[in-house]
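A.B. asks: One file is attached below, model-v5.cif, containing mmCIF, C-alpha atoms.
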```cif
data_target
#
loop_
_atom_site.label_atom_id
_atom_site.label_comp_id
_atom_site.auth_asym_id
_atom_site.auth_seq_id
_atom_site.Cartn_x
_atom_site.Cartn_y
_atom_site.Cartn_z
CA MET U 1 74.13 199.65 152.52
CA ASN U 2 73.60 198.96 156.22
CA LEU U 3 71.11 201.82 156.42
CA TYR U 4 68.00 201.44 158.57
CA HIS U 5 64.96 203.70 158.90
CA PHE U 6 62.67 203.77 161.93
CA THR U 7 59.48 205.72 162.59
CA LEU U 8 57.88 206.69 165.87
CA SER U 9 54.84 208.63 167.07
CA THR U 10 55.70 211.28 169.62
CA SER U 11 53.89 213.17 172.35
CA LYS U 12 54.19 216.95 172.89
CA GLU U 13 57.71 217.11 174.24
CA ASN U 14 59.56 214.04 175.38
CA LEU U 15 62.56 211.76 175.08
CA PHE U 16 62.16 208.29 173.59
CA ASN U 17 64.67 205.58 174.36
CA ILE U 18 65.63 204.12 170.95
CA THR U 19 68.61 202.06 172.12
CA SER U 20 66.96 198.73 171.36
CA MET U 21 66.10 199.86 167.82
CA VAL U 22 69.70 200.90 167.22
CA ASN U 23 70.82 197.54 168.59
CA ASP U 24 68.41 195.79 166.22
CA ALA U 25 69.90 197.66 163.28
CA LEU U 26 73.42 196.73 164.32
CA SER U 27 72.43 193.07 164.64
CA ALA U 28 70.68 193.09 161.25
CA SER U 29 73.77 194.51 159.56
CA GLY U 30 75.96 191.67 160.76
CA ILE U 31 78.77 194.17 161.29
CA LYS U 32 80.92 193.44 164.33
CA ASN U 33 83.26 196.42 164.59
CA GLY U 34 82.91 199.97 163.37
CA ILE U 35 80.83 203.04 164.07
CA VAL U 36 77.09 203.62 164.19
CA THR U 37 75.55 206.97 163.23
CA ILE U 38 72.01 207.75 164.42
CA PHE U 39 70.59 210.66 162.41
CA CYS U 40 67.42 212.72 162.91
CA PRO U 41 66.05 214.30 159.69
CA HIS U 42 63.90 216.85 161.53
CA THR U 43 64.71 220.41 162.67
CA THR U 44 62.71 220.54 165.92
CA ALA U 45 63.93 217.17 167.22
CA GLY U 46 67.33 215.61 167.83
CA ILE U 47 69.34 212.69 169.15
CA THR U 48 71.11 212.59 172.49
CA ILE U 49 72.68 210.08 174.84
CA ASN U 50 71.80 210.27 178.52
CA GLU U 51 70.80 208.25 181.59
CA ASN U 52 68.52 205.27 181.04
CA ALA U 53 67.67 204.52 184.68
CA ASP U 54 65.80 207.23 186.63
CA PRO U 55 62.89 208.75 184.64
CA SER U 56 63.41 211.96 186.64
CA VAL U 57 66.50 212.66 184.55
CA VAL U 58 64.37 212.96 181.41
CA ARG U 59 61.83 215.13 183.22
CA ASP U 60 64.55 217.40 184.65
CA PHE U 61 66.29 217.51 181.26
CA LEU U 62 63.17 218.84 179.53
CA LEU U 63 62.65 221.37 182.33
CA GLY U 64 66.24 222.59 182.21
CA MET U 65 66.16 222.87 178.42
CA LYS U 66 62.97 224.91 178.60
CA GLU U 67 64.61 227.30 181.06
CA ALA U 68 67.77 227.64 178.94
CA PHE U 69 65.87 228.02 175.66
CA PRO U 70 62.43 229.43 176.50
CA ASP U 71 59.87 230.68 174.02
CA ARG U 72 60.44 234.43 173.66
CA ALA U 73 58.12 237.27 172.66
CA GLU U 74 60.84 238.62 170.36
CA PHE U 75 60.92 235.47 168.23
CA ARG U 76 59.53 236.02 164.73
CA HIS U 77 59.38 232.53 163.19
CA ILE U 78 55.74 232.24 162.23
CA GLU U 79 55.38 228.63 163.36
CA GLY U 80 56.11 229.76 166.91
CA ASN U 81 58.55 226.96 167.65
CA SER U 82 61.93 228.70 167.56
CA HIS U 83 62.66 227.39 171.04
CA ALA U 84 62.37 223.87 169.61
CA HIS U 85 64.85 224.72 166.82
CA LEU U 86 67.29 225.98 169.46
CA LYS U 87 66.98 222.81 171.52
CA ALA U 88 67.48 220.71 168.38
CA SER U 89 70.77 222.46 167.57
CA CYS U 90 71.89 222.19 171.19
CA VAL U 91 71.54 218.40 171.40
CA GLY U 92 72.38 217.96 167.71
CA ALA U 93 70.91 216.02 164.81
CA SER U 94 73.05 212.93 165.30
CA GLU U 95 75.08 210.79 167.65
CA THR U 96 77.94 208.46 166.80
CA VAL U 97 78.43 205.26 168.81
CA ILE U 98 81.20 202.67 168.57
CA ALA U 99 80.36 199.05 167.68
CA GLU U 100 82.54 196.39 169.30
CA ASN U 101 82.07 192.67 168.73
CA GLY U 102 78.56 193.26 167.41
CA LYS U 103 77.43 195.36 170.37
CA LEU U 104 77.01 199.08 170.97
CA LEU U 105 79.85 200.27 173.20
CA LEU U 106 77.71 202.27 175.62
CA GLY U 107 78.29 202.98 179.30
CA THR U 108 76.19 201.14 181.87
CA TRP U 109 73.83 204.06 182.39
CA GLN U 110 73.72 205.32 178.82
CA GLY U 111 70.68 205.15 176.57
CA ILE U 112 70.22 206.65 173.10
CA TYR U 113 67.26 209.02 172.97
CA PHE U 114 65.14 210.57 170.24
CA CYS U 115 64.31 214.07 171.54
CA GLU U 116 60.94 215.48 170.53
CA PHE U 117 60.80 219.22 171.15
CA ASP U 118 57.68 220.06 169.11
CA GLY U 119 55.23 217.17 168.97
CA PRO U 120 53.03 215.35 168.79
CA ARG U 121 54.19 214.23 165.34
CA THR U 122 55.10 211.20 163.31
CA ARG U 123 58.88 211.22 163.27
CA SER U 124 61.66 209.07 161.91
CA PHE U 125 65.37 208.51 162.28
CA TYR U 126 68.12 206.69 160.41
CA VAL U 127 70.79 204.30 161.61
CA LYS U 128 73.87 203.90 159.42
CA ILE U 129 76.54 201.33 160.26
CA MET U 130 80.07 201.58 158.91
CA GLY U 131 82.18 198.46 159.34
CA GLU U 132 85.93 198.57 159.37
CA MET N 1 91.58 211.00 150.39
CA ASN N 2 88.09 212.41 149.76
CA LEU N 3 88.93 215.44 151.88
CA TYR N 4 87.72 218.88 150.79
CA HIS N 5 88.52 222.32 152.19
CA PHE N 6 86.27 225.36 151.79
CA THR N 7 86.76 228.97 152.86
CA LEU N 8 84.19 231.66 153.52
CA SER N 9 84.12 235.29 154.65
CA THR N 10 81.76 235.88 157.51
CA SER N 11 79.88 238.81 158.98
CA LYS N 12 79.73 239.60 162.72
CA GLU N 13 77.48 236.78 163.87
CA ASN N 14 75.49 234.71 161.44
CA LEU N 15 74.70 231.30 160.01
CA PHE N 16 75.81 230.39 156.50
CA ASN N 17 74.07 227.65 154.56
CA ILE N 18 76.86 225.40 153.27
CA THR N 19 74.69 222.50 152.12
CA SER N 20 75.49 223.02 148.44
CA MET N 21 79.23 223.00 149.16
CA VAL N 22 78.94 219.75 151.09
CA ASN N 23 76.92 218.34 148.19
CA ASP N 24 79.64 219.42 145.76
CA ALA N 25 82.25 217.62 147.84
CA LEU N 26 80.17 214.46 147.91
CA SER N 27 79.72 214.59 144.13
CA ALA N 28 83.43 215.20 143.56
CA SER N 29 84.35 212.18 145.66
CA GLY N 30 82.27 209.83 143.54
CA ILE N 31 81.27 207.99 146.72
CA LYS N 32 77.70 206.75 146.70
CA ASN N 33 77.13 205.37 150.19
CA GLY N 34 78.81 206.18 153.47
CA ILE N 35 79.08 209.05 155.94
CA VAL N 36 80.08 212.67 155.50
CA THR N 37 81.81 214.62 158.29
CA ILE N 38 81.74 218.42 158.17
CA PHE N 39 84.39 219.82 160.53
CA CYS N 40 85.04 223.39 161.70
CA PRO N 41 88.68 224.08 162.74
CA HIS N 42 87.81 227.23 164.72
CA THR N 43 86.92 227.67 168.40
CA THR N 44 84.40 230.51 168.12
CA ALA N 45 82.43 228.97 165.26
CA GLY N 46 80.73 225.63 164.67
CA ILE N 47 78.56 223.48 162.43
CA THR N 48 74.87 222.83 162.93
CA ILE N 49 71.89 221.47 161.01
CA ASN N 50 68.66 223.44 161.14
CA GLU N 51 65.78 224.80 159.05
CA ASN N 52 66.59 226.04 155.54
CA ALA N 53 63.27 227.73 154.75
CA ASP N 54 62.26 230.68 156.96
CA PRO N 55 65.15 233.15 157.58
CA SER N 56 63.48 234.03 160.89
CA VAL N 57 64.67 230.71 162.29
CA VAL N 58 68.30 231.80 161.91
CA ARG N 59 67.53 235.22 163.42
CA ASP N 60 65.68 233.67 166.36
CA PHE N 61 68.43 231.07 166.79
CA LEU N 62 71.11 233.75 167.19
CA LEU N 63 68.89 235.67 169.60
CA GLY N 64 68.14 232.60 171.70
CA MET N 65 71.81 231.60 171.81
CA LYS N 66 72.75 235.10 172.95
CA GLU N 67 70.23 234.89 175.79
CA ALA N 68 71.42 231.42 176.85
CA PHE N 69 75.11 232.28 176.59
CA PRO N 70 75.43 236.05 177.07
CA ASP N 71 78.64 237.97 177.50
CA ARG N 72 79.26 238.24 181.26
CA ALA N 73 81.20 240.75 183.33
CA GLU N 74 82.78 237.86 185.26
CA PHE N 75 84.44 236.41 182.15
CA ARG N 76 88.23 236.78 182.20
CA HIS N 77 89.31 235.63 178.72
CA ILE N 78 91.22 238.62 177.45
CA GLU N 79 89.83 238.45 173.92
CA GLY N 80 86.37 239.11 175.34
CA ASN N 81 84.65 236.41 173.30
CA SER N 82 84.00 233.67 175.87
CA HIS N 83 80.32 233.73 174.94
CA ALA N 84 81.35 232.72 171.40
CA HIS N 85 83.42 229.82 172.77
CA LEU N 86 80.37 228.64 174.73
CA LYS N 87 78.14 228.79 171.69
CA ALA N 88 80.74 226.89 169.65
CA SER N 89 80.82 224.02 172.18
CA CYS N 90 77.02 224.00 172.36
CA VAL N 91 76.46 223.48 168.62
CA GLY N 92 79.68 221.49 168.26
CA ALA N 93 82.64 221.52 165.88
CA SER N 94 81.22 218.96 163.49
CA GLU N 95 78.17 217.27 162.04
CA THR N 96 77.90 213.82 160.51
CA VAL N 97 75.48 213.20 157.65
CA ILE N 98 74.64 209.97 155.85
CA ALA N 99 75.31 209.61 152.10
CA GLU N 100 72.84 207.44 150.17
CA ASN N 101 73.08 206.83 146.43
CA GLY N 102 75.39 209.81 146.04
CA LYS N 103 73.13 212.24 147.89
CA LEU N 104 73.10 213.69 151.40
CA LEU N 105 70.33 212.02 153.38
CA LEU N 106 68.84 215.20 154.85
CA GLY N 107 65.26 215.93 155.86
CA THR N 108 63.18 218.20 153.62
CA TRP N 109 63.68 221.24 155.83
CA GLN N 110 67.27 220.58 156.88
CA GLY N 111 70.25 222.67 155.83
CA ILE N 112 73.85 222.40 157.01
CA TYR N 113 75.08 225.66 158.52
CA PHE N 114 78.45 227.18 159.34
CA CYS N 115 77.85 229.17 162.55
CA GLU N 116 79.92 232.32 162.98
CA PHE N 117 79.80 233.52 166.57
CA ASP N 118 82.71 236.00 166.49
CA GLY N 119 83.19 237.53 163.05
CA PRO N 120 83.78 239.07 160.71
CA ARG N 121 86.60 236.70 159.81
CA THR N 122 87.93 234.53 157.03
CA ARG N 123 86.92 231.03 158.05
CA SER N 124 87.19 227.53 156.63
CA PHE N 125 85.73 224.10 157.08
CA TYR N 126 86.53 220.56 155.97
CA VAL N 127 84.36 217.88 154.42
CA LYS N 128 85.54 214.29 154.74
CA ILE N 129 83.71 211.46 153.00
CA MET N 130 84.04 207.86 154.10
CA GLY N 131 82.67 205.29 151.67
CA GLU N 132 81.60 201.85 152.77
CA MET C 1 90.04 196.90 165.87
CA ASN C 2 91.78 200.28 166.29
CA LEU C 3 89.87 200.87 169.51
CA TYR C 4 91.63 202.47 172.47
CA HIS C 5 90.49 202.98 176.05
CA PHE C 6 91.85 205.65 178.38
CA THR C 7 91.11 206.39 182.03
CA LEU C 8 91.50 209.59 183.99
CA SER C 9 90.88 210.86 187.52
CA THR C 10 88.87 214.04 187.58
CA SER C 11 88.32 216.93 189.98
CA LYS C 12 84.89 218.36 190.85
CA GLU C 13 84.12 220.13 187.60
CA ASN C 14 86.75 220.72 184.97
CA LEU C 15 87.93 220.23 181.42
CA PHE C 16 90.86 217.92 180.69
CA ASN C 17 92.87 218.31 177.50
CA ILE C 18 93.06 214.80 176.02
CA THR C 19 94.44 215.77 172.61
CA SER C 20 97.78 214.05 173.16
CA MET C 21 96.04 210.80 174.17
CA VAL C 22 93.92 210.89 171.02
CA ASN C 23 97.08 211.54 169.01
CA ASP C 24 98.75 208.56 170.68
CA ALA C 25 95.83 206.34 169.70
CA LEU C 26 95.99 207.53 166.11
CA SER C 27 99.73 206.85 165.97
CA ALA C 28 99.31 203.39 167.50
CA SER C 29 96.70 202.45 164.91
CA GLY C 30 99.02 203.18 162.02
CA ILE C 31 96.07 204.63 160.12
CA LYS C 32 96.94 207.63 157.99
CA ASN C 33 93.61 208.87 156.65
CA GLY C 34 90.11 208.50 158.00
CA ILE C 35 88.02 209.66 160.93
CA VAL C 36 88.57 209.47 164.68
CA THR C 37 85.65 209.17 167.11
CA ILE C 38 86.22 210.09 170.76
CA PHE C 39 83.39 208.69 172.90
CA CYS C 40 82.53 209.29 176.56
CA PRO C 41 80.60 206.40 178.21
CA HIS C 42 79.31 208.53 181.12
CA THR C 43 76.11 210.57 181.45
CA THR C 44 77.40 213.49 183.52
CA ALA C 45 80.50 214.09 181.40
CA GLY C 46 81.15 214.70 177.72
CA ILE C 47 83.63 215.52 174.99
CA THR C 48 84.12 218.93 173.40
CA ILE C 49 86.61 220.77 171.24
CA ASN C 50 87.64 224.27 172.30
CA GLU C 51 90.58 226.63 172.78
CA ASN C 52 93.84 225.15 174.03
CA ALA C 53 95.72 228.37 174.77
CA ASP C 54 94.25 230.67 177.43
CA PRO C 55 93.14 228.78 180.58
CA SER C 56 90.55 231.53 181.13
CA VAL C 57 88.50 230.04 178.31
CA VAL C 58 87.98 226.84 180.30
CA ARG C 59 87.15 228.82 183.44
CA ASP C 60 84.68 231.04 181.59
CA PHE C 61 83.20 228.00 179.83
CA LEU C 62 82.38 226.28 183.13
CA LEU C 63 80.94 229.52 184.50
CA GLY C 64 78.77 230.10 181.43
CA MET C 65 77.54 226.50 181.43
CA LYS C 66 76.59 226.81 185.10
CA GLU C 67 74.58 229.93 184.35
CA ALA C 68 72.82 228.33 181.35
CA PHE C 69 72.15 225.04 183.14
CA PRO C 70 72.03 225.79 186.88
CA ASP C 71 70.93 223.41 189.59
CA ARG C 72 67.21 224.00 190.16
CA ALA C 73 64.99 223.44 193.18
CA GLU C 74 62.36 221.86 190.90
CA PHE C 75 64.70 219.07 189.79
CA ARG C 76 63.64 215.65 191.14
CA HIS C 77 66.53 213.33 190.18
CA ILE C 78 67.55 211.92 193.53
CA GLU C 79 71.28 212.11 192.84
CA GLY C 80 70.97 215.88 192.63
CA ASN C 81 73.08 216.22 189.48
CA SER C 82 70.49 216.94 186.78
CA HIS C 83 72.41 220.07 185.84
CA ALA C 84 75.39 217.83 185.00
CA HIS C 85 73.16 215.62 182.79
CA LEU C 86 72.01 218.74 180.93
CA LYS C 87 75.56 219.95 180.37
CA ALA C 88 76.54 216.48 179.13
CA SER C 89 73.79 216.48 176.49
CA CYS C 90 74.67 220.04 175.49
CA VAL C 91 78.32 219.31 174.69
CA GLY C 92 77.55 215.74 173.60
CA ALA C 93 78.98 212.31 174.31
CA SER C 94 81.38 212.29 171.36
CA GLU C 95 83.39 214.29 168.87
CA THR C 96 84.54 213.25 165.41
CA VAL C 97 87.87 214.48 164.07
CA ILE C 98 89.43 213.96 160.65
CA ALA C 99 92.78 212.14 160.33
CA GLU C 100 95.07 213.32 157.52
CA ASN C 101 98.51 211.83 156.84
CA GLY C 102 98.59 210.30 160.29
CA LYS C 103 97.73 213.52 162.13
CA LEU C 104 94.56 214.94 163.67
CA LEU C 105 93.25 217.69 161.40
CA LEU C 106 92.63 220.26 164.15
CA GLY C 107 92.76 224.04 163.95
CA THR C 108 95.73 225.84 165.52
CA TRP C 109 93.83 226.76 168.66
CA GLN C 110 91.74 223.60 169.00
CA GLY C 111 92.17 221.03 171.75
CA ILE C 112 90.01 217.99 172.49
CA TYR C 113 88.60 218.10 176.02
CA PHE C 114 87.05 215.58 178.39
CA CYS C 115 84.38 217.56 180.28
CA GLU C 116 83.76 216.54 183.89
CA PHE C 117 80.52 218.01 185.17
CA ASP C 118 80.07 215.88 188.30
CA GLY C 119 83.38 214.77 189.78
CA PRO C 120 85.62 213.90 191.30
CA ARG C 121 85.42 210.46 189.73
CA THR C 122 87.43 207.86 187.87
CA ARG C 123 86.35 208.29 184.27
CA SER C 124 87.22 206.78 180.92
CA PHE C 125 86.80 207.45 177.24
CA TYR C 126 87.23 205.52 173.99
CA VAL C 127 89.01 206.43 170.78
CA LYS C 128 87.96 204.57 167.64
CA ILE C 129 89.80 205.07 164.38
CA MET C 130 88.24 204.25 161.02
CA GLY C 131 90.65 204.18 158.08
CA GLU C 132 89.50 204.65 154.53
#
```
Starting from the file, lay out its structure as structure tokens.

C.D. replies:
Amino acid sequence: MNLYHFTLSTSKENLFNITSMVNDALSASGIKNGIVTIFCPHTTAGITINENADPSVVRDFLLGMKEAFPDRAEFRHIEGNSHAHLKASCVGASETVIAENGKLLLGTWQGIYFCEFDGPRTRSFYVKIMGE
Amino acid sequence: MNLYHFTLSTSKENLFNITSMVNDALSASGIKNGIVTIFCPHTTAGITINENADPSVVRDFLLGMKEAFPDRAEFRHIEGNSHAHLKASCVGASETVIAENGKLLLGTWQGIYFCEFDGPRTRSFYVKIMGE
Amino acid sequence: MNLYHFTLSTSKENLFNITSMVNDALSASGIKNGIVTIFCPHTTAGITINENADPSVVRDFLLGMKEAFPDRAEFRHIEGNSHAHLKASCVGASETVIAENGKLLLGTWQGIYFCEFDGPRTRSFYVKIMGE
């Protein structure tokens, strides 16, 4: 089925570079060409692709997201994490990456990130590979 | 072709849980394993995945999106709905979900939502299922 | 492999309608039915789907994104373009479109856009077509 499941333990709010795990899944599948879907089954977390070099990008990203989607006194969701739900929908629950000759077709500076907006928690994500 | 088309009538600005419709499409296709693409052909609406339990999440989501992407006096688009176009690009026109053993591989709290940002209108969306 | 690579030269910050290039790729593949993934390999640019008619929508979109994700004095990323990284994650690195009878299944007003948030630069994007 070429479906892989990974778990990770998160801190309060952070981005986790999962590129090597996605690469491992692609290698394990033996598929050379196709598309790879990375899916997050949580509603206060998501998947995004962004810079893998300067850690300041992740820090600034979390700061900018907090400013765009702050916690608000008017929010009514009893768990108090509506801002995390907003961030999750903004980055999205999944990313799709192209596989070429057995490798992820990413740009030089791109990494695949699991975005935790409401940790710390035990989280998981799926990697599904569709060959052509 | 495993392509399904659904219509819905929307209210002014709201999220509509379409998970059961996507499930129906998956069942009708007979495909057990693969990926499911839910696509919105409109430019002031979109598809997102978020919590299916507490209705306050949807309410807070719409409020938070309005604060992040408010209507602005400087906008020039003559239809006056540029804020809805922004929201549509933020959540995105589609979502991709994994199918496993004939079921959508969603998290316990996840629902698939059609996001209306500029209703009321008659809207539609497509579900495409790719088997492996 | 049904994988196509396009390059474009961008201005400072703008949206480029790439629908016809994606259509060309679909035609070249000869695939009639399936899904089309458009992927951006950069971290300060992205792909979105939005209105193709009134140019004011693009103008208002860039304005609204700048207000939601402004440059901030607190940002530390030395390249000074953290706001562009935020916008890239908000619109996302890819879009998935359905192919039906050899054509992109887009709504009447939808166009596929390459979003430059930190130009001018020479950029590229990939189109991958998966037939069923």

A.B. asks: Take the point (70.5, 207.8, 172.6) in the file's coordinates, draw a sphere of radius 8 Å around it, and report as a list in words every protein, DNA or RNA residue with an atom inside or on it, counting only C-alpha atoms.

C.D. replies: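 Neighbouring residues, ordered by chain and number, come to Asn17, Ile18, Thr19, Ile47, Thr48, Ile49, Asn50, Glu95, Gln110, Gly111, Ile112, Tyr113 and Phe114 of chain U.
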
A.B. asks: With the PyMOL selection byres ((chain U) within 7 of (chain C)) as the selection, what would be picked from this file? Answer as an mmCIF file with C-alpha atoms, in the frame of the given file, please.

C.D. replies:
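Heads up, here's the output in part-v2.cif:
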```
data_model
loop_
_atom_site.group_PDB
_atom_site.id
_atom_site.type_symbol
_atom_site.label_atom_id
_atom_site.label_comp_id
_atom_site.auth_asym_id
_atom_site.auth_seq_id
_atom_site.Cartn_x
_atom_site.Cartn_y
_atom_site.Cartn_z
ATOM 1 C CA ASN U 33 83.260 196.420 164.590
ATOM 2 C CA THR U 48 71.110 212.590 172.490
ATOM 3 C CA ILE U 49 72.680 210.080 174.840
ATOM 4 C CA ASN U 50 71.800 210.270 178.520
ATOM 5 C CA GLU U 51 70.800 208.250 181.590
ATOM 6 C CA SER U 56 63.410 211.960 186.640
ATOM 7 C CA VAL U 57 66.500 212.660 184.550
ATOM 8 C CA ASP U 60 64.550 217.400 184.650
ATOM 9 C CA PHE U 61 66.290 217.510 181.260
ATOM 10 C CA GLY U 64 66.240 222.590 182.210
ATOM 11 C CA ALA U 68 67.770 227.640 178.940
ATOM 12 C CA CYS U 90 71.890 222.190 171.190
ATOM 13 C CA VAL U 91 71.540 218.400 171.400
ATOM 14 C CA THR U 96 77.940 208.460 166.800
ATOM 15 C CA LEU U 106 77.710 202.270 175.620
ATOM 16 C CA GLY U 107 78.290 202.980 179.300
ATOM 17 C CA TRP U 109 73.830 204.060 182.390
ATOM 18 C CA GLN U 110 73.720 205.320 178.820
ATOM 19 C CA GLU U 132 85.930 198.570 159.370
#
```

A.B. asks: Could you please determine the separation between CA of Leu62 (chain C) and CA of Met65 (chain U) in Å, to one decimal place?

C.D. replies: 17.2 Å

A.B. asks: Once the PyMOL selection byres ((chain C and resi 12) around 12) is applied to the coordinates I shared, what remains selected? I want it as a PDB file with C-alpha atoms, in the coordinates of the input.

C.D. replies:
```pdb
ATOM      1  CA  SER C   9      90.880 210.860 187.520  1.00  0.00           C
ATOM      2  CA  THR C  10      88.870 214.040 187.580  1.00  0.00           C
ATOM      3  CA  SER C  11      88.320 216.930 189.980  1.00  0.00           C
ATOM      4  CA  GLU C  13      84.120 220.130 187.600  1.00  0.00           C
ATOM      5  CA  ASN C  14      86.750 220.720 184.970  1.00  0.00           C
ATOM      6  CA  LEU C  15      87.930 220.230 181.420  1.00  0.00           C
ATOM      7  CA  PHE C  16      90.860 217.920 180.690  1.00  0.00           C
ATOM      8  CA  THR C  44      77.400 213.490 183.520  1.00  0.00           C
ATOM      9  CA  ALA C  45      80.500 214.090 181.400  1.00  0.00           C
ATOM     10  CA  LEU C  62      82.380 226.280 183.130  1.00  0.00           C
ATOM     11  CA  ALA C  84      75.390 217.830 185.000  1.00  0.00           C
ATOM     12  CA  CYS C 115      84.380 217.560 180.280  1.00  0.00           C
ATOM     13  CA  GLU C 116      83.760 216.540 183.890  1.00  0.00           C
ATOM     14  CA  PHE C 117      80.520 218.010 185.170  1.00  0.00           C
ATOM     15  CA  ASP C 118      80.070 215.880 188.300  1.00  0.00           C
ATOM     16  CA  GLY C 119      83.380 214.770 189.780  1.00  0.00           C
ATOM     17  CA  PRO C 120      85.620 213.900 191.300  1.00  0.00           C
ATOM     18  CA  ARG C 121      85.420 210.460 189.730  1.00  0.00           C
ATOM     19  CA  THR C 122      87.430 207.860 187.870  1.00  0.00           C
TER      20      THR C 122
END
```

A.B. asks: Rounded to one decimal place, report the CA of Pro55 (chain C)-CA of Ala28 (chain C) distance in Å.

C.D. replies: 29.2 Å
